[in-house]
file data_1.cif (mmCIF, N, CA, C and O atoms)
data_work
#
loop_
_atom_site.group_PDB
_atom_site.id
_atom_site.type_symbol
_atom_site.label_atom_id
_atom_site.label_comp_id
_atom_site.auth_asym_id
_atom_site.auth_seq_id
_atom_site.Cartn_x
_atom_site.Cartn_y
_atom_site.Cartn_z
ATOM 1 N N MET A 1 0.847 -1.173 0.000
ATOM 2 C CA MET A 1 0.000 0.000 0.000
ATOM 3 C C MET A 1 0.897 1.241 0.000
ATOM 4 O O MET A 1 1.718 1.413 0.893
ATOM 5 N N PRO A 2 0.745 2.117 -0.985
ATOM 6 C CA PRO A 2 1.577 3.322 -1.019
ATOM 7 C C PRO A 2 1.171 4.297 0.084
ATOM 8 O O PRO A 2 -0.001 4.489 0.369
ATOM 9 N N HIS A 3 2.168 4.878 0.696
ATOM 10 C CA HIS A 3 1.920 5.853 1.755
ATOM 11 C C HIS A 3 1.995 7.259 1.179
ATOM 12 O O HIS A 3 2.739 7.532 0.249
ATOM 13 N N HIS A 4 1.221 8.128 1.740
ATOM 14 C CA HIS A 4 1.270 9.533 1.323
ATOM 15 C C HIS A 4 1.450 10.387 2.560
ATOM 16 O O HIS A 4 1.215 9.957 3.681
ATOM 17 N N GLU A 5 1.869 11.612 2.343
ATOM 18 C CA GLU A 5 2.094 12.484 3.476
ATOM 19 C C GLU A 5 0.770 13.019 4.013
ATOM 20 O O GLU A 5 -0.193 13.199 3.274
ATOM 21 N N PHE A 6 0.737 13.235 5.310
ATOM 22 C CA PHE A 6 -0.447 13.738 5.987
ATOM 23 C C PHE A 6 -0.666 15.196 5.601
ATOM 24 O O PHE A 6 0.255 16.010 5.646
ATOM 25 N N GLN A 7 -1.894 15.525 5.198
ATOM 26 C CA GLN A 7 -2.231 16.890 4.805
ATOM 27 C C GLN A 7 -3.376 17.393 5.687
ATOM 28 O O GLN A 7 -4.554 17.165 5.392
ATOM 29 N N PRO A 8 -3.037 18.090 6.770
ATOM 30 C CA PRO A 8 -4.069 18.513 7.713
ATOM 31 C C PRO A 8 -5.045 19.531 7.139
ATOM 32 O O PRO A 8 -6.195 19.597 7.582
ATOM 33 N N GLY A 9 -4.639 20.312 6.162
ATOM 34 C CA GLY A 9 -5.554 21.280 5.555
ATOM 35 C C GLY A 9 -6.710 20.585 4.857
ATOM 36 O O GLY A 9 -7.870 20.999 4.974
ATOM 37 N N ARG A 10 -6.414 19.521 4.129
ATOM 38 C CA ARG A 10 -7.471 18.774 3.450
ATOM 39 C C ARG A 10 -8.383 18.065 4.444
ATOM 40 O O ARG A 10 -9.593 17.972 4.238
ATOM 41 N N LEU A 11 -7.799 17.569 5.519
ATOM 42 C CA LEU A 11 -8.604 16.940 6.564
ATOM 43 C C LEU A 11 -9.572 17.944 7.171
ATOM 44 O O LEU A 11 -10.761 17.654 7.362
ATOM 45 N N LEU A 12 -9.086 19.123 7.455
ATOM 46 C CA LEU A 12 -9.922 20.169 8.047
ATOM 47 C C LEU A 12 -11.034 20.604 7.100
ATOM 48 O O LEU A 12 -12.177 20.817 7.527
ATOM 49 N N ALA A 13 -10.715 20.734 5.818
ATOM 50 C CA ALA A 13 -11.743 21.085 4.836
ATOM 51 C C ALA A 13 -12.826 20.008 4.793
ATOM 52 O O ALA A 13 -14.028 20.320 4.761
ATOM 53 N N GLY A 14 -12.425 18.755 4.819
ATOM 54 C CA GLY A 14 -13.393 17.661 4.814
ATOM 55 C C GLY A 14 -14.276 17.656 6.041
ATOM 56 O O GLY A 14 -15.477 17.389 5.967
ATOM 57 N N VAL A 15 -13.696 17.971 7.196
ATOM 58 C CA VAL A 15 -14.478 18.010 8.434
ATOM 59 C C VAL A 15 -15.556 19.086 8.356
ATOM 60 O O VAL A 15 -16.716 18.863 8.740
ATOM 61 N N PHE A 16 -15.205 20.259 7.834
ATOM 62 C CA PHE A 16 -16.192 21.332 7.739
ATOM 63 C C PHE A 16 -17.266 21.038 6.697
ATOM 64 O O PHE A 16 -18.429 21.416 6.879
ATOM 65 N N ILE A 17 -16.909 20.363 5.611
ATOM 66 C CA ILE A 17 -17.915 19.983 4.616
ATOM 67 C C ILE A 17 -18.873 18.945 5.193
ATOM 68 O O ILE A 17 -20.091 19.003 4.982
ATOM 69 N N VAL A 18 -18.338 17.995 5.952
ATOM 70 C CA VAL A 18 -19.190 16.997 6.606
ATOM 71 C C VAL A 18 -20.074 17.660 7.659
ATOM 72 O O VAL A 18 -21.245 17.281 7.827
ATOM 73 N N LEU A 19 -19.544 18.656 8.353
ATOM 74 C CA LEU A 19 -20.349 19.412 9.316
ATOM 75 C C LEU A 19 -21.515 20.113 8.620
ATOM 76 O O LEU A 19 -22.652 20.086 9.109
ATOM 77 N N ALA A 20 -21.249 20.723 7.470
ATOM 78 C CA ALA A 20 -22.321 21.375 6.710
ATOM 79 C C ALA A 20 -23.357 20.356 6.253
ATOM 80 O O ALA A 20 -24.566 20.620 6.310
ATOM 81 N N ALA A 21 -22.900 19.177 5.828
ATOM 82 C CA ALA A 21 -23.840 18.131 5.429
ATOM 83 C C ALA A 21 -24.672 17.670 6.621
ATOM 84 O O ALA A 21 -25.879 17.403 6.489
ATOM 85 N N GLY A 22 -24.051 17.585 7.781
ATOM 86 C CA GLY A 22 -24.792 17.206 8.990
ATOM 87 C C GLY A 22 -25.838 18.239 9.379
ATOM 88 O O GLY A 22 -26.928 17.893 9.843
ATOM 89 N N ILE A 23 -25.511 19.501 9.190
ATOM 90 C CA ILE A 23 -26.479 20.566 9.478
ATOM 91 C C ILE A 23 -27.685 20.440 8.561
ATOM 92 O O ILE A 23 -28.840 20.500 9.002
ATOM 93 N N TYR A 24 -27.429 20.241 7.266
ATOM 94 C CA TYR A 24 -28.540 20.076 6.326
ATOM 95 C C TYR A 24 -29.304 18.775 6.570
ATOM 96 O O TYR A 24 -30.523 18.739 6.424
ATOM 97 N N ALA A 25 -28.615 17.715 6.954
ATOM 98 C CA ALA A 25 -29.300 16.437 7.231
ATOM 99 C C ALA A 25 -30.214 16.562 8.447
ATOM 100 O O ALA A 25 -31.326 16.019 8.459
ATOM 101 N N GLY A 26 -29.740 17.255 9.475
ATOM 102 C CA GLY A 26 -30.592 17.475 10.643
ATOM 103 C C GLY A 26 -31.813 18.307 10.314
ATOM 104 O O GLY A 26 -32.906 18.075 10.835
ATOM 105 N N ASP A 27 -31.637 19.271 9.419
ATOM 106 C CA ASP A 27 -32.767 20.088 8.984
ATOM 107 C C ASP A 27 -33.737 19.260 8.158
ATOM 108 O O ASP A 27 -34.951 19.341 8.346
ATOM 109 N N ALA A 28 -33.205 18.438 7.263
ATOM 110 C CA ALA A 28 -34.082 17.613 6.421
ATOM 111 C C ALA A 28 -34.795 16.539 7.229
ATOM 112 O O ALA A 28 -35.931 16.161 6.911
ATOM 113 N N GLY A 29 -34.139 16.046 8.282
ATOM 114 C CA GLY A 29 -34.751 15.020 9.124
ATOM 115 C C GLY A 29 -35.749 15.574 10.121
ATOM 116 O O GLY A 29 -36.416 14.813 10.812
ATOM 117 N N GLY A 30 -35.850 16.874 10.227
ATOM 118 C CA GLY A 30 -36.819 17.481 11.130
ATOM 119 C C GLY A 30 -36.319 17.628 12.561
ATOM 120 O O GLY A 30 -37.108 17.898 13.460
ATOM 121 N N LEU A 31 -35.024 17.446 12.787
ATOM 122 C CA LEU A 31 -34.496 17.600 14.143
ATOM 123 C C LEU A 31 -34.428 19.061 14.560
ATOM 124 O O LEU A 31 -34.594 19.388 15.727
ATOM 125 N N TRP A 32 -34.159 19.956 13.603
ATOM 126 C CA TRP A 32 -34.107 21.383 13.871
ATOM 127 C C TRP A 32 -34.375 22.134 12.577
ATOM 128 O O TRP A 32 -34.357 21.565 11.500
ATOM 129 N N ASP A 33 -34.627 23.414 12.690
ATOM 130 C CA ASP A 33 -34.824 24.270 11.519
ATOM 131 C C ASP A 33 -33.564 25.096 11.303
ATOM 132 O O ASP A 33 -33.120 25.819 12.197
ATOM 133 N N THR A 34 -33.009 24.972 10.111
ATOM 134 C CA THR A 34 -31.794 25.704 9.773
ATOM 135 C C THR A 34 -32.086 26.647 8.624
ATOM 136 O O THR A 34 -32.526 26.208 7.565
ATOM 137 N N PRO A 35 -31.863 27.951 8.802
ATOM 138 C CA PRO A 35 -32.003 28.858 7.665
ATOM 139 C C PRO A 35 -30.975 28.514 6.595
ATOM 140 O O PRO A 35 -29.887 27.994 6.893
ATOM 141 N N TRP A 36 -31.274 28.821 5.352
ATOM 142 C CA TRP A 36 -30.410 28.424 4.237
ATOM 143 C C TRP A 36 -29.041 29.063 4.302
ATOM 144 O O TRP A 36 -28.059 28.518 3.836
ATOM 145 N N PHE A 37 -28.932 30.246 4.904
ATOM 146 C CA PHE A 37 -27.677 30.984 4.893
ATOM 147 C C PHE A 37 -26.720 30.588 6.018
ATOM 148 O O PHE A 37 -25.597 31.070 6.055
ATOM 149 N N VAL A 38 -27.108 29.698 6.892
ATOM 150 C CA VAL A 38 -26.257 29.323 8.026
ATOM 151 C C VAL A 38 -25.027 28.547 7.569
ATOM 152 O O VAL A 38 -23.943 28.687 8.132
ATOM 153 N N VAL A 39 -25.163 27.759 6.540
ATOM 154 C CA VAL A 39 -24.073 26.890 6.113
ATOM 155 C C VAL A 39 -22.980 27.673 5.375
ATOM 156 O O VAL A 39 -21.829 27.259 5.360
ATOM 157 N N ILE A 40 -23.310 28.818 4.808
ATOM 158 C CA ILE A 40 -22.319 29.597 4.055
ATOM 159 C C ILE A 40 -21.129 29.995 4.931
ATOM 160 O O ILE A 40 -19.979 29.762 4.538
ATOM 161 N N PRO A 41 -21.322 30.560 6.131
ATOM 162 C CA PRO A 41 -20.157 30.885 6.953
ATOM 163 C C PRO A 41 -19.401 29.643 7.439
ATOM 164 O O PRO A 41 -18.182 29.680 7.605
ATOM 165 N N VAL A 42 -20.119 28.539 7.657
ATOM 166 C CA VAL A 42 -19.450 27.308 8.085
ATOM 167 C C VAL A 42 -18.503 26.821 7.001
ATOM 168 O O VAL A 42 -17.339 26.504 7.257
ATOM 169 N N VAL A 43 -18.976 26.768 5.765
ATOM 170 C CA VAL A 43 -18.149 26.268 4.662
ATOM 171 C C VAL A 43 -17.019 27.245 4.340
ATOM 172 O O VAL A 43 -15.860 26.839 4.218
ATOM 173 N N THR A 44 -17.326 28.534 4.220
ATOM 174 C CA THR A 44 -16.273 29.492 3.870
ATOM 175 C C THR A 44 -15.243 29.628 4.992
ATOM 176 O O THR A 44 -14.040 29.718 4.729
ATOM 177 N N GLY A 45 -15.705 29.631 6.222
ATOM 178 C CA GLY A 45 -14.770 29.685 7.344
ATOM 179 C C GLY A 45 -13.888 28.449 7.402
ATOM 180 O O GLY A 45 -12.680 28.540 7.656
ATOM 181 N N GLY A 46 -14.486 27.298 7.155
ATOM 182 C CA GLY A 46 -13.708 26.061 7.140
ATOM 183 C C GLY A 46 -12.696 26.026 6.017
ATOM 184 O O GLY A 46 -11.558 25.581 6.207
ATOM 185 N N LEU A 47 -13.080 26.500 4.841
ATOM 186 C CA LEU A 47 -12.145 26.518 3.717
ATOM 187 C C LEU A 47 -11.016 27.520 3.935
ATOM 188 O O LEU A 47 -9.860 27.249 3.578
ATOM 189 N N CYS A 48 -11.329 28.673 4.530
ATOM 190 C CA CYS A 48 -10.276 29.650 4.836
ATOM 191 C C CYS A 48 -9.313 29.098 5.886
ATOM 192 O O CYS A 48 -8.091 29.239 5.753
ATOM 193 N N LEU A 49 -9.851 28.465 6.915
ATOM 194 C CA LEU A 49 -9.002 27.867 7.936
ATOM 195 C C LEU A 49 -8.156 26.735 7.352
ATOM 196 O O LEU A 49 -6.965 26.618 7.658
ATOM 197 N N ALA A 50 -8.751 25.922 6.472
ATOM 198 C CA ALA A 50 -8.001 24.840 5.828
ATOM 199 C C ALA A 50 -6.895 25.392 4.939
ATOM 200 O O ALA A 50 -5.797 24.838 4.891
ATOM 201 N N GLY A 51 -7.159 26.486 4.244
ATOM 202 C CA GLY A 51 -6.126 27.113 3.423
ATOM 203 C C GLY A 51 -4.979 27.647 4.258
ATOM 204 O O GLY A 51 -3.808 27.505 3.891
ATOM 205 N N ALA A 52 -5.307 28.234 5.391
ATOM 206 C CA ALA A 52 -4.258 28.751 6.282
ATOM 207 C C ALA A 52 -3.422 27.612 6.853
ATOM 208 O O ALA A 52 -2.189 27.695 6.904
ATOM 209 N N VAL A 53 -4.076 26.544 7.256
ATOM 210 C CA VAL A 53 -3.351 25.383 7.795
ATOM 211 C C VAL A 53 -2.505 24.735 6.708
ATOM 212 O O VAL A 53 -1.359 24.339 6.949
ATOM 213 N N GLY A 54 -3.036 24.635 5.500
ATOM 214 C CA GLY A 54 -2.264 24.069 4.397
ATOM 215 C C GLY A 54 -1.044 24.906 4.057
ATOM 216 O O GLY A 54 0.037 24.364 3.797
ATOM 217 N N SER A 55 -1.191 26.205 4.069
ATOM 218 C CA SER A 55 -0.044 27.089 3.813
ATOM 219 C C SER A 55 1.006 26.966 4.904
ATOM 220 O O SER A 55 2.208 26.899 4.624
ATOM 221 N N LEU A 56 0.567 26.926 6.137
ATOM 222 C CA LEU A 56 1.486 26.778 7.254
ATOM 223 C C LEU A 56 2.207 25.434 7.192
ATOM 224 O O LEU A 56 3.418 25.360 7.436
ATOM 225 N N THR A 57 1.491 24.386 6.839
ATOM 226 C CA THR A 57 2.106 23.060 6.704
ATOM 227 C C THR A 57 3.155 23.064 5.599
ATOM 228 O O THR A 57 4.235 22.496 5.759
ATOM 229 N N GLY A 58 2.856 23.703 4.472
ATOM 230 C CA GLY A 58 3.824 23.794 3.381
ATOM 231 C C GLY A 58 5.075 24.550 3.786
ATOM 232 O O GLY A 58 6.194 24.150 3.442
ATOM 233 N N LEU A 59 4.896 25.648 4.516
ATOM 234 C CA LEU A 59 6.059 26.408 4.983
ATOM 235 C C LEU A 59 6.931 25.588 5.932
ATOM 236 O O LEU A 59 8.160 25.605 5.848
ATOM 237 N N ILE A 60 6.286 24.869 6.833
ATOM 238 C CA ILE A 60 7.038 24.041 7.782
ATOM 239 C C ILE A 60 7.782 22.933 7.051
ATOM 240 O O ILE A 60 8.952 22.662 7.343
ATOM 241 N N ARG A 61 7.137 22.299 6.072
ATOM 242 C CA ARG A 61 7.800 21.223 5.340
ATOM 243 C C ARG A 61 8.967 21.746 4.510
ATOM 244 O O ARG A 61 9.998 21.081 4.407
ATOM 245 N N ARG A 62 8.806 22.905 3.897
ATOM 246 C CA ARG A 62 9.919 23.478 3.131
ATOM 247 C C ARG A 62 11.094 23.842 4.034
ATOM 248 O O ARG A 62 12.245 23.638 3.677
ATOM 249 N N ARG A 63 10.791 24.369 5.205
ATOM 250 C CA ARG A 63 11.856 24.733 6.138
ATOM 251 C C ARG A 63 12.590 23.491 6.631
ATOM 252 O O ARG A 63 13.824 23.479 6.731
ATOM 253 N N LYS A 64 11.857 22.407 6.918
ATOM 254 C CA LYS A 64 12.493 21.160 7.356
ATOM 255 C C LYS A 64 13.349 20.574 6.239
ATOM 256 O O LYS A 64 14.437 20.056 6.501
ATOM 257 N N ALA A 65 12.868 20.624 5.010
ATOM 258 C CA ALA A 65 13.624 20.085 3.884
ATOM 259 C C ALA A 65 14.905 20.905 3.654
ATOM 260 O O ALA A 65 15.949 20.350 3.309
ATOM 261 N N ARG A 66 14.819 22.195 3.841
ATOM 262 C CA ARG A 66 15.985 23.065 3.648
ATOM 263 C C ARG A 66 17.032 22.830 4.717
ATOM 264 O O ARG A 66 18.220 22.795 4.433
ATOM 265 N N THR A 67 16.602 22.644 5.973
ATOM 266 C CA THR A 67 17.569 22.421 7.041
ATOM 267 C C THR A 67 18.139 21.011 7.009
ATOM 268 O O THR A 67 19.257 20.789 7.467
ATOM 269 N N ALA A 68 17.405 20.057 6.449
ATOM 270 C CA ALA A 68 17.891 18.671 6.372
ATOM 271 C C ALA A 68 18.962 18.522 5.308
ATOM 272 O O ALA A 68 19.828 17.664 5.416
ATOM 273 N N SER A 69 18.924 19.335 4.288
ATOM 274 C CA SER A 69 19.899 19.187 3.205
ATOM 275 C C SER A 69 21.081 20.109 3.314
ATOM 276 O O SER A 69 21.532 20.581 4.243
#

call {"tool": "encode", "arguments": {"input": "data_1.cif", "output": "C-alpha cells"}}
result
Amino acid sequence: MPHHEFQPGRLLAGVFIVLAAGIYAGDAGGLWDTPWFVVIPVVTGGLCLAGAVGSLTGLIRRRKARTAS
C-alpha cells in the first residue's frame, strides 16, 4: 500500500464539509430548523481555515527540507 504524506488542511476542509452536510441532514430530518444561509459561513470559514493550515504546513515542510539538506 503506497503511503502519502499527511495533509491537515485537506482533513480540516473535509471536516467542515461533513459538518455542513450534517447541518442540512438534521434540517431535512426534522431535528431542527436551519435557515439556508447558516451553512455559508461554516463552509467558507472552514475553507479559509483549511487554506491557512495548508499554507502553514507547506512552509514548515519546506523549512524542514531546507535544514535537512

call {"tool": "atom_distance", "arguments": {"input": "data_1.cif", "atom1": "atom N of A:Gly30", "atom2": "atom O of A:Gly46"}}
result
26.1 Å

call {"tool": "select_by_dssp", "arguments": {"input": "data_1.cif", "residues": "chain A", "states": "alpha helix (DSSP H)", "output": "PyMOL selection string"}}
result
chain A and resi 8-28+39-68

call {"tool": "residues_around", "arguments": {"input": "data_1.cif", "residues": "A:Gln7", "least_positions_apart": "6", "cutoff": "8 Å", "atoms": "only N, CA, C and O atoms", "output": "count of residues only"}}
result
5

call {"tool": "resolve_selection", "arguments": {"input": "data_1.cif", "expression": "the PyMOL selection byres ((chain A and resi 40-42) around 8)", "output": "ChimeraX atom specification"}}
result
/A:12-13,15-17,19-20,35-39,43-49

call {"tool": "closest_residue", "arguments": {"input": "data_1.cif", "among": "A:Ala21, A:Ala52, A:Arg66, A:Leu59", "to": "A:Gly9", "atoms": "all atoms listed in the file"}}
result
A:Ala52

call {"tool": "axis_aligned_box", "arguments": {"input": "data_1.cif", "around": "stretch 46-50 of chain A", "padding_each_side": "4 Å", "output": "AutoDock Vina command-line options"}}
result
--center_x -10.1 --center_y 27.2 --center_z 5.8 --size_x 16.7 --size_y 12.8 --size_z 12.4

call {"tool": "atom_distance", "arguments": {"input": "data_1.cif", "atom1": "atom CA of A:Tyr24", "atom2": "atom CA of A:Pro8"}}
result
24.6 Å

call {"tool": "atom_distance", "arguments": {"input": "data_1.cif", "atom1": "atom C of A:Arg63", "atom2": "atom N of A:Gly14"}}
result
25.5 Å
